[in-house]
Amino acid sequence: VKKFYLTTPLYYVNAKPHIGHAYTTIAADALARFKRLMGYKVFFLTGTDEHGQKVQKASEAEGLSPKDFTDKLSQTFRDLWQKLNIEYDDFIRTTEVRHVKAVQYFWKELNRKKLIYRKKYEGWYCTPCEAFWTERETAGEKKCPQCKRALEKISEENYFFAISQFQDWLIEHIRKHPQFIMPETRRNETFAFLEKNKLVDLCISRPRARLAWGVDCPLSPDHVTYVWFDALINYVSACGFREPRSKFSEFWPCDVHLIGKDILRPHTVYWPIMLHAMDIEIPQRVFAHGWWMQDKTKMSKSLGNIVNPLEVIKEFGEDAFRYFLLREVPFGKDGTYSDVAMTTRFNTDLANDLGNLCHRTLHMMEKYFECKLAANTAAKAENVLKKEAQMLAQNMERHLDLLQFNDALIQIWSYINEANKFIEDQAPWKLAKENSEKLPEVMGSLCEALRVIAQGVWPFMPGTALKIWKKLGLDARPILNDSFDKVKWNYFKEGTVTEKGDPLFPRRK
Ligand code: ME8
């Protein structure tokens, strides 16, 4: 069996999730579901990043201990994932023992390899970004080059990880593996950064006096672990790194880390170097998607300019929300959410194209056949619906292998519209009048097509797929266990009863 390991970032629990977090997680869920449909054994990991300054500050502001605060916030992420039908295989919190153990092992092992040293540091520090900046990087501005907020001058002893010696290796790796960093704009970005700058060794500790909320540093009681060095390790700690008989040997290396472009550098520079230094194979791919924007700036928890996914779900339903996010913007580009754009997608793609196809087909089933489909009615059919159904899974796979979610959806929709056209071309209402023998075959083909469409739609809108199968009088399980890329065209058994029911997506004003 082929395996597939994919991850989302571990979200900071400094505030509740917004659509940016929902975006990455929905994309990961759609990919995981598609891979399962194609017969892969999948490990889909998400979770929460719970240490560091941001979280410590946020818990202080709420008057809670970091432990109570992170318990509460981590749960809001789980709750949202449940609402959105996210089927993750594991949810890791960086405060869990299994994770802390792995982080401390990295410390000890890198220290043993003489890749960690202690040094006095003097310079500029951005608290919100938890980043050190050199005089040159700040260009004398005393403002954070990343977030533009005021920098603090600090002087302290810390531990450093000697990453600079791996620079040439990393450049070479990126050169040799064009699909390691995707999309290409992001690959170029990391590449340019590495070509133009000499890597500076990474400060991986924080003095406990300044920041107590972190993984204890095994080399010094006065230090805790820098949150990024801690968090990245989740991708191995969650699948049982160094545990006996764990998923690690089966699933590592990870097939794809899905992230936003905001965290490109930790994932394409620090993380591969950490692994390589540890003699662990590095991930196959890192894909950094774009940002959801609001008023031309990135939607972010710290700025507060957010769209609350719960409100969109309440208004449009979770499937329409999932569909919109993956269809509206090519994965990799920035986008803007608006209720107007959402309503347009809802009415055209969902209500008109998919909803009508389903409703018309089942209405005619009721009218001409009292909802009963004879077995094998479509088996002999040689028509465009059957032919294109065979291609659908492969066409989707071609796009999803490159994380082109919107193009995969366009493939399904072109099939949906083919089916709508098929109804017009075949005009079952005429066939019925003429008492034509062709009618059962036409209706049978439409039901087969709907079943296949639901399979294609399943990764993106699982609730809708289930509804369609139910309307067709079919059980979901056997369909989901069937390989999607070998489409059968005589699925219906004698005695199957269809049911028109309510429209899938009632039109909105
Ligand atoms: O960075 N548009 O956590 P975080 C699209 N804990 N995606 C967005 C987004 C937006 N406006 N805002 C956030 C961290 N995201 C670290 C990660 S990983 C080991 C540690 C999504 O809570 C996107 O995936 O700030 C982005 O990379 C991530 O949330 C950042 O989440």
# chains A, B, ... in the order shown; residues from 1 in each chain; ligands from 1
$ residues_near_ligand --ligand "ligand 1" --cutoff "6 Å" --atoms "only C-alpha atoms and all ligand atoms" --output "PyMOL selection string"
chain A and resi 9-12+20-21+24+49+231-232+259-260+262-263+290-293+298-300
$ write_last_selection --atoms "N, CA, C and O atoms" --output "PDB file, in the first residue's frame"
ATOM      1  N   PRO A   9       0.475  23.543   9.592  1.00  0.00           N
ATOM      2  CA  PRO A   9       1.291  24.122  10.665  1.00  0.00           C
ATOM      3  C   PRO A   9       0.625  23.819  12.007  1.00  0.00           C
ATOM      4  O   PRO A   9      -0.557  23.504  12.054  1.00  0.00           O
ATOM      5  N   LEU A  10       1.380  23.933  13.063  1.00  0.00           N
ATOM      6  CA  LEU A  10       0.751  23.880  14.394  1.00  0.00           C
ATOM      7  C   LEU A  10       0.407  25.322  14.739  1.00  0.00           C
ATOM      8  O   LEU A  10       1.285  26.160  14.878  1.00  0.00           O
ATOM      9  N   TYR A  11      -0.861  25.600  14.845  1.00  0.00           N
ATOM     10  CA  TYR A  11      -1.293  26.982  15.037  1.00  0.00           C
ATOM     11  C   TYR A  11      -1.013  27.451  16.469  1.00  0.00           C
ATOM     12  O   TYR A  11      -1.182  26.703  17.430  1.00  0.00           O
ATOM     13  N   TYR A  12      -0.608  28.713  16.569  1.00  0.00           N
ATOM     14  CA  TYR A  12      -0.425  29.308  17.893  1.00  0.00           C
ATOM     15  C   TYR A  12      -1.775  29.431  18.577  1.00  0.00           C
ATOM     16  O   TYR A  12      -2.758  29.823  17.934  1.00  0.00           O
ATOM     17  N   GLY A  20      -7.945  32.018   7.766  1.00  0.00           N
ATOM     18  CA  GLY A  20      -6.599  31.617   7.327  1.00  0.00           C
ATOM     19  C   GLY A  20      -6.228  30.231   7.840  1.00  0.00           C
ATOM     20  O   GLY A  20      -5.695  29.398   7.107  1.00  0.00           O
ATOM     21  N   HIS A  21      -6.519  29.977   9.111  1.00  0.00           N
ATOM     22  CA  HIS A  21      -6.205  28.655   9.681  1.00  0.00           C
ATOM     23  C   HIS A  21      -7.117  27.586   9.092  1.00  0.00           C
ATOM     24  O   HIS A  21      -6.692  26.467   8.804  1.00  0.00           O
ATOM     25  N   THR A  24      -5.767  26.368   5.450  1.00  0.00           N
ATOM     26  CA  THR A  24      -4.718  25.344   5.368  1.00  0.00           C
ATOM     27  C   THR A  24      -5.271  23.988   5.780  1.00  0.00           C
ATOM     28  O   THR A  24      -4.967  22.958   5.167  1.00  0.00           O
ATOM     29  N   ASP A  49       0.492  24.908  18.612  1.00  0.00           N
ATOM     30  CA  ASP A  49       1.816  25.348  19.029  1.00  0.00           C
ATOM     31  C   ASP A  49       1.588  26.176  20.295  1.00  0.00           C
ATOM     32  O   ASP A  49       0.941  27.228  20.232  1.00  0.00           O
ATOM     33  N   ALA A 231       8.665  23.867  17.982  1.00  0.00           N
ATOM     34  CA  ALA A 231       7.449  23.534  17.227  1.00  0.00           C
ATOM     35  C   ALA A 231       7.706  22.672  15.992  1.00  0.00           C
ATOM     36  O   ALA A 231       6.950  21.741  15.702  1.00  0.00           O
ATOM     37  N   LEU A 232       8.756  22.968  15.252  1.00  0.00           N
ATOM     38  CA  LEU A 232       9.003  22.221  14.011  1.00  0.00           C
ATOM     39  C   LEU A 232       9.163  20.722  14.263  1.00  0.00           C
ATOM     40  O   LEU A 232       8.771  19.890  13.445  1.00  0.00           O
ATOM     41  N   ILE A 259       1.737  24.907   4.407  1.00  0.00           N
ATOM     42  CA  ILE A 259       1.932  26.077   5.276  1.00  0.00           C
ATOM     43  C   ILE A 259       1.479  27.328   4.531  1.00  0.00           C
ATOM     44  O   ILE A 259       1.239  27.285   3.325  1.00  0.00           O
ATOM     45  N   GLY A 260       1.408  28.454   5.247  1.00  0.00           N
ATOM     46  CA  GLY A 260       1.208  29.745   4.597  1.00  0.00           C
ATOM     47  C   GLY A 260       2.575  30.346   4.299  1.00  0.00           C
ATOM     48  O   GLY A 260       3.580  29.974   4.911  1.00  0.00           O
ATOM     49  N   ASP A 262       3.861  32.966   5.136  1.00  0.00           N
ATOM     50  CA  ASP A 262       4.433  33.689   6.277  1.00  0.00           C
ATOM     51  C   ASP A 262       5.497  32.877   7.007  1.00  0.00           C
ATOM     52  O   ASP A 262       6.350  33.441   7.686  1.00  0.00           O
ATOM     53  N   ILE A 263       5.421  31.562   6.894  1.00  0.00           N
ATOM     54  CA  ILE A 263       6.363  30.744   7.667  1.00  0.00           C
ATOM     55  C   ILE A 263       7.229  29.881   6.747  1.00  0.00           C
ATOM     56  O   ILE A 263       7.590  28.760   7.054  1.00  0.00           O
ATOM     57  N   GLY A 290      -0.931  31.178  -0.346  1.00  0.00           N
ATOM     58  CA  GLY A 290      -1.030  32.626  -0.159  1.00  0.00           C
ATOM     59  C   GLY A 290      -1.862  33.004   1.061  1.00  0.00           C
ATOM     60  O   GLY A 290      -2.238  32.158   1.865  1.00  0.00           O
ATOM     61  N   TRP A 291      -2.157  34.296   1.136  1.00  0.00           N
ATOM     62  CA  TRP A 291      -2.877  34.815   2.302  1.00  0.00           C
ATOM     63  C   TRP A 291      -4.287  35.253   1.957  1.00  0.00           C
ATOM     64  O   TRP A 291      -4.531  35.810   0.883  1.00  0.00           O
ATOM     65  N   TRP A 292      -5.170  35.054   2.900  1.00  0.00           N
ATOM     66  CA  TRP A 292      -6.470  35.723   2.857  1.00  0.00           C
ATOM     67  C   TRP A 292      -6.262  37.105   3.435  1.00  0.00           C
ATOM     68  O   TRP A 292      -5.677  37.269   4.515  1.00  0.00           O
ATOM     69  N   MET A 293      -6.707  38.096   2.663  1.00  0.00           N
ATOM     70  CA  MET A 293      -6.427  39.483   3.008  1.00  0.00           C
ATOM     71  C   MET A 293      -7.717  40.165   3.447  1.00  0.00           C
ATOM     72  O   MET A 293      -8.813  39.737   3.106  1.00  0.00           O
ATOM     73  N   LYS A 298      -2.751  41.334   5.397  1.00  0.00           N
ATOM     74  CA  LYS A 298      -2.959  39.942   5.772  1.00  0.00           C
ATOM     75  C   LYS A 298      -3.876  39.878   6.986  1.00  0.00           C
ATOM     76  O   LYS A 298      -3.697  40.597   7.953  1.00  0.00           O
ATOM     77  N   MET A 299      -4.847  38.970   6.874  1.00  0.00           N
ATOM     78  CA  MET A 299      -5.713  38.738   8.029  1.00  0.00           C
ATOM     79  C   MET A 299      -4.875  38.103   9.121  1.00  0.00           C
ATOM     80  O   MET A 299      -4.186  37.124   8.872  1.00  0.00           O
ATOM     81  N   SER A 300      -4.876  38.688  10.322  1.00  0.00           N
ATOM     82  CA  SER A 300      -4.088  38.049  11.367  1.00  0.00           C
ATOM     83  C   SER A 300      -4.663  38.270  12.752  1.00  0.00           C
ATOM     84  O   SER A 300      -5.329  39.274  13.008  1.00  0.00           O
TER      85      SER A 300
END
$ residues_around --residues "A:Asp89" --least-positions-apart "3" --cutoff "9 Å" --atoms "only C-alpha atoms" --output "ChimeraX atom specification"
/A:42-46
$ write_last_selection --atoms "N, CA and C atoms" --output "PDB file, in the first residue's frame"
ATOM      1  N   VAL A  42      -3.073   6.974   4.699  1.00  0.00           N
ATOM      2  CA  VAL A  42      -2.784   8.390   4.931  1.00  0.00           C
ATOM      3  C   VAL A  42      -2.551   8.673   6.409  1.00  0.00           C
ATOM      4  N   PHE A  43      -1.586   9.538   6.683  1.00  0.00           N
ATOM      5  CA  PHE A  43      -1.425  10.080   8.028  1.00  0.00           C
ATOM      6  C   PHE A  43      -1.509  11.597   7.912  1.00  0.00           C
ATOM      7  N   PHE A  44      -2.567  12.151   8.453  1.00  0.00           N
ATOM      8  CA  PHE A  44      -2.838  13.591   8.347  1.00  0.00           C
ATOM      9  C   PHE A  44      -2.736  14.179   9.760  1.00  0.00           C
ATOM     10  N   LEU A  45      -1.751  15.058   9.906  1.00  0.00           N
ATOM     11  CA  LEU A  45      -1.430  15.608  11.222  1.00  0.00           C
ATOM     12  C   LEU A  45      -1.737  17.101  11.311  1.00  0.00           C
ATOM     13  N   THR A  46      -2.375  17.497  12.396  1.00  0.00           N
ATOM     14  CA  THR A  46      -2.496  18.923  12.707  1.00  0.00           C
ATOM     15  C   THR A  46      -2.309  19.068  14.213  1.00  0.00           C
TER      16      THR A  46
END
$ select_by_dssp --residues "stretch 124-239 of chain A" --states "strand (DSSP E or B)" --output "list in words"
Trp124, Tyr125, Cys126, Ala131, Phe132, Trp133, Lys143, Ala150, Glu152, Lys153, Ile154, Ser155, Glu156, Glu157, Asn158, Tyr159, Phe160, Phe161, Ile181, Met182, Leu202, Cys203, Ser205, Arg206, Pro207, Asp216, His223, Val224 and Thr225 of chain A
$ write_last_selection --atoms "N, CA, C and O atoms" --output "compact mmCIF listing (two decimals), in the first residue's frame"
# COMPACT_ATOMS: atom_id res chain seq x y z
N TRP A 124 19.23 43.45 18.55
CA TRP A 124 17.84 43.88 18.50
C TRP A 124 16.91 42.68 18.50
O TRP A 124 17.16 41.70 17.85
N TYR A 125 15.82 42.83 19.24
CA TYR A 125 14.88 41.73 19.38
C TYR A 125 13.45 42.23 19.19
O TYR A 125 13.07 43.25 19.75
N CYS A 126 12.69 41.49 18.38
CA CYS A 126 11.27 41.82 18.21
C CYS A 126 10.46 40.81 19.02
O CYS A 126 10.44 39.62 18.70
N ALA A 131 11.99 37.32 17.16
CA ALA A 131 13.10 37.22 16.21
C ALA A 131 14.20 38.22 16.55
O ALA A 131 13.92 39.33 17.01
N PHE A 132 15.43 37.75 16.33
CA PHE A 132 16.58 38.64 16.50
C PHE A 132 16.92 39.27 15.16
O PHE A 132 16.82 38.62 14.13
N TRP A 133 17.35 40.53 15.20
CA TRP A 133 17.73 41.19 13.96
C TRP A 133 19.11 41.81 14.13
O TRP A 133 19.42 42.37 15.17
N LYS A 143 13.23 49.33 14.01
CA LYS A 143 11.90 48.75 13.82
C LYS A 143 12.07 47.35 13.23
O LYS A 143 13.01 47.12 12.47
N ALA A 150 8.32 48.30 17.17
CA ALA A 150 9.56 48.73 17.81
C ALA A 150 10.38 47.53 18.29
O ALA A 150 9.83 46.53 18.75
N GLU A 152 13.50 45.84 20.73
CA GLU A 152 14.14 46.02 22.03
C GLU A 152 15.62 45.71 21.90
O GLU A 152 15.98 44.75 21.24
N LYS A 153 16.45 46.49 22.60
CA LYS A 153 17.88 46.16 22.62
C LYS A 153 18.08 45.15 23.74
O LYS A 153 17.68 45.38 24.88
N ILE A 154 18.69 44.02 23.45
CA ILE A 154 18.92 43.07 24.52
C ILE A 154 20.36 42.56 24.53
O ILE A 154 21.08 42.63 23.52
N SER A 155 20.74 42.05 25.67
CA SER A 155 22.08 41.49 25.82
C SER A 155 21.94 40.29 26.75
O SER A 155 21.51 40.43 27.89
N GLU A 156 22.27 39.10 26.23
CA GLU A 156 22.10 37.91 27.06
C GLU A 156 22.89 36.73 26.51
O GLU A 156 23.32 36.74 25.36
N GLU A 157 23.07 35.71 27.36
CA GLU A 157 23.75 34.49 26.90
C GLU A 157 22.72 33.50 26.39
O GLU A 157 21.69 33.30 27.01
N ASN A 158 23.03 32.89 25.24
CA ASN A 158 22.09 31.94 24.66
C ASN A 158 22.82 30.81 23.96
O ASN A 158 24.03 30.88 23.74
N TYR A 159 22.04 29.81 23.56
CA TYR A 159 22.58 28.68 22.80
C TYR A 159 22.29 28.89 21.32
O TYR A 159 21.20 29.34 20.95
N PHE A 160 23.28 28.50 20.52
CA PHE A 160 23.15 28.68 19.07
C PHE A 160 23.35 27.34 18.37
O PHE A 160 24.19 26.53 18.77
N PHE A 161 22.59 27.18 17.33
CA PHE A 161 22.69 25.97 16.50
C PHE A 161 23.45 26.38 15.22
O PHE A 161 23.04 27.32 14.53
N ILE A 181 10.32 22.85 -2.80
CA ILE A 181 9.58 24.04 -2.34
C ILE A 181 8.63 24.46 -3.46
O ILE A 181 9.05 24.67 -4.59
N MET A 182 7.37 24.58 -3.12
CA MET A 182 6.36 24.99 -4.10
C MET A 182 5.45 26.03 -3.49
O MET A 182 5.31 26.07 -2.29
N LEU A 202 21.53 29.91 14.34
CA LEU A 202 20.20 30.15 14.89
C LEU A 202 20.21 30.11 16.42
O LEU A 202 20.68 29.14 17.02
N CYS A 203 19.69 31.16 17.02
CA CYS A 203 19.59 31.20 18.48
C CYS A 203 18.39 30.34 18.89
O CYS A 203 17.26 30.64 18.54
N SER A 205 17.65 29.19 22.15
CA SER A 205 17.22 29.21 23.55
C SER A 205 16.71 30.60 23.91
O SER A 205 16.94 31.56 23.18
N ARG A 206 16.01 30.68 25.02
CA ARG A 206 15.62 31.97 25.59
C ARG A 206 15.89 31.87 27.08
O ARG A 206 15.63 30.83 27.70
N PRO A 207 16.42 32.97 27.68
CA PRO A 207 16.66 32.93 29.11
C PRO A 207 15.33 32.77 29.86
O PRO A 207 14.37 33.46 29.54
N ASP A 216 11.94 22.90 28.61
CA ASP A 216 13.19 23.03 29.37
C ASP A 216 14.38 22.66 28.50
O ASP A 216 14.35 21.66 27.78
N HIS A 223 17.64 28.21 30.91
CA HIS A 223 17.12 28.49 29.57
C HIS A 223 15.94 27.58 29.21
O HIS A 223 15.85 26.46 29.68
N VAL A 224 15.08 28.10 28.34
CA VAL A 224 14.05 27.27 27.71
C VAL A 224 14.28 27.30 26.20
O VAL A 224 15.07 28.09 25.70
N THR A 225 13.55 26.44 25.50
CA THR A 225 13.76 26.30 24.05
C THR A 225 13.03 27.39 23.28
O THR A 225 11.88 27.72 23.58
$ closest_residue --among "A:Ala288, A:Cys239, A:Ala374, A:Ala476" --to "A:Val256" --atoms "only C-alpha atoms"
A:Ala288
$ closest_residue --among "A:Glu388, A:Asp425, A:Glu141, A:Asp295" --to "A:Thr336" --atoms "only C-alpha atoms"
A:Asp295
$ residues_around --residues "A:Glu311" --least-positions-apart "3" --cutoff "12 Å" --atoms "only C-alpha atoms" --output "PyMOL selection string"
chain A and resi 18-19+80+83+306-308+314-318+321+339
$ closest_residue --among "A:Leu446, A:Leu392, A:Leu110, A:Val497" --to "A:Pro218" --atoms "only C-alpha atoms"
A:Leu110
$ atom_distance --atom1 "atom CA of A:Glu184" --atom2 "atom CA of A:Arg285"
12.1 Å
$ residues_around --residues "A:Thr377" --least-positions-apart "2" --cutoff "10 Å" --atoms "only C-alpha atoms" --output "list in words"
Leu373, Ala374, Ala375, Ala379, Lys380, Ala381, Lys438, Leu439, Pro440, Glu441, Val442, Met443, Gly444, Ser445, Glu448, Trp489, Asn490, Tyr491, Phe492, Lys493 and Glu494 of chain A
$ residues_around --residues "A:Thr190" --least-positions-apart "2" --cutoff "8 Å" --atoms "only C-alpha atoms" --output "PyMOL selection string"
chain A and resi 186-188+192-194+264-265+268-269
$ write_last_selection --atoms "N, CA, C and O atoms" --output "short mmCIF file (atom, residue, chain, number, x, y, z; two decimals), in the first residue's frame"
data_model
loop_
_atom_site.label_atom_id
_atom_site.label_comp_id
_atom_site.auth_asym_id
_atom_site.auth_seq_id
_atom_site.Cartn_x
_atom_site.Cartn_y
_atom_site.Cartn_z
N ARG A 186 7.75 30.76 -4.32
CA ARG A 186 8.29 30.55 -2.96
C ARG A 186 9.66 29.88 -3.03
O ARG A 186 10.55 30.15 -2.23
N ARG A 187 9.81 28.99 -4.00
CA ARG A 187 11.11 28.36 -4.19
C ARG A 187 12.15 29.43 -4.52
O ARG A 187 13.24 29.47 -3.93
N ASN A 188 11.77 30.33 -5.42
CA ASN A 188 12.69 31.41 -5.78
C ASN A 188 13.01 32.29 -4.59
O ASN A 188 14.13 32.78 -4.45
N ALA A 192 16.71 32.82 -3.39
CA ALA A 192 17.31 34.15 -3.41
C ALA A 192 17.86 34.50 -2.03
O ALA A 192 18.98 35.03 -1.90
N PHE A 193 17.11 34.15 -1.01
CA PHE A 193 17.56 34.44 0.35
C PHE A 193 18.89 33.72 0.63
O PHE A 193 19.82 34.31 1.17
N LEU A 194 18.96 32.47 0.23
CA LEU A 194 20.18 31.69 0.51
C LEU A 194 21.36 32.12 -0.35
O LEU A 194 22.52 32.02 0.06
N LEU A 264 7.56 30.49 5.61
CA LEU A 264 8.37 29.81 4.61
C LEU A 264 9.79 29.52 5.13
O LEU A 264 10.31 28.42 4.97
N ARG A 265 10.41 30.52 5.73
CA ARG A 265 11.81 30.35 6.11
C ARG A 265 12.03 29.26 7.17
O ARG A 265 12.90 28.41 6.98
N THR A 268 11.60 25.97 5.18
CA THR A 268 12.45 25.61 4.04
C THR A 268 13.94 25.85 4.32
O THR A 268 14.78 25.49 3.50
N VAL A 269 14.26 26.48 5.44
CA VAL A 269 15.67 26.67 5.78
C VAL A 269 15.99 25.96 7.11
O VAL A 269 16.79 25.02 7.14
#
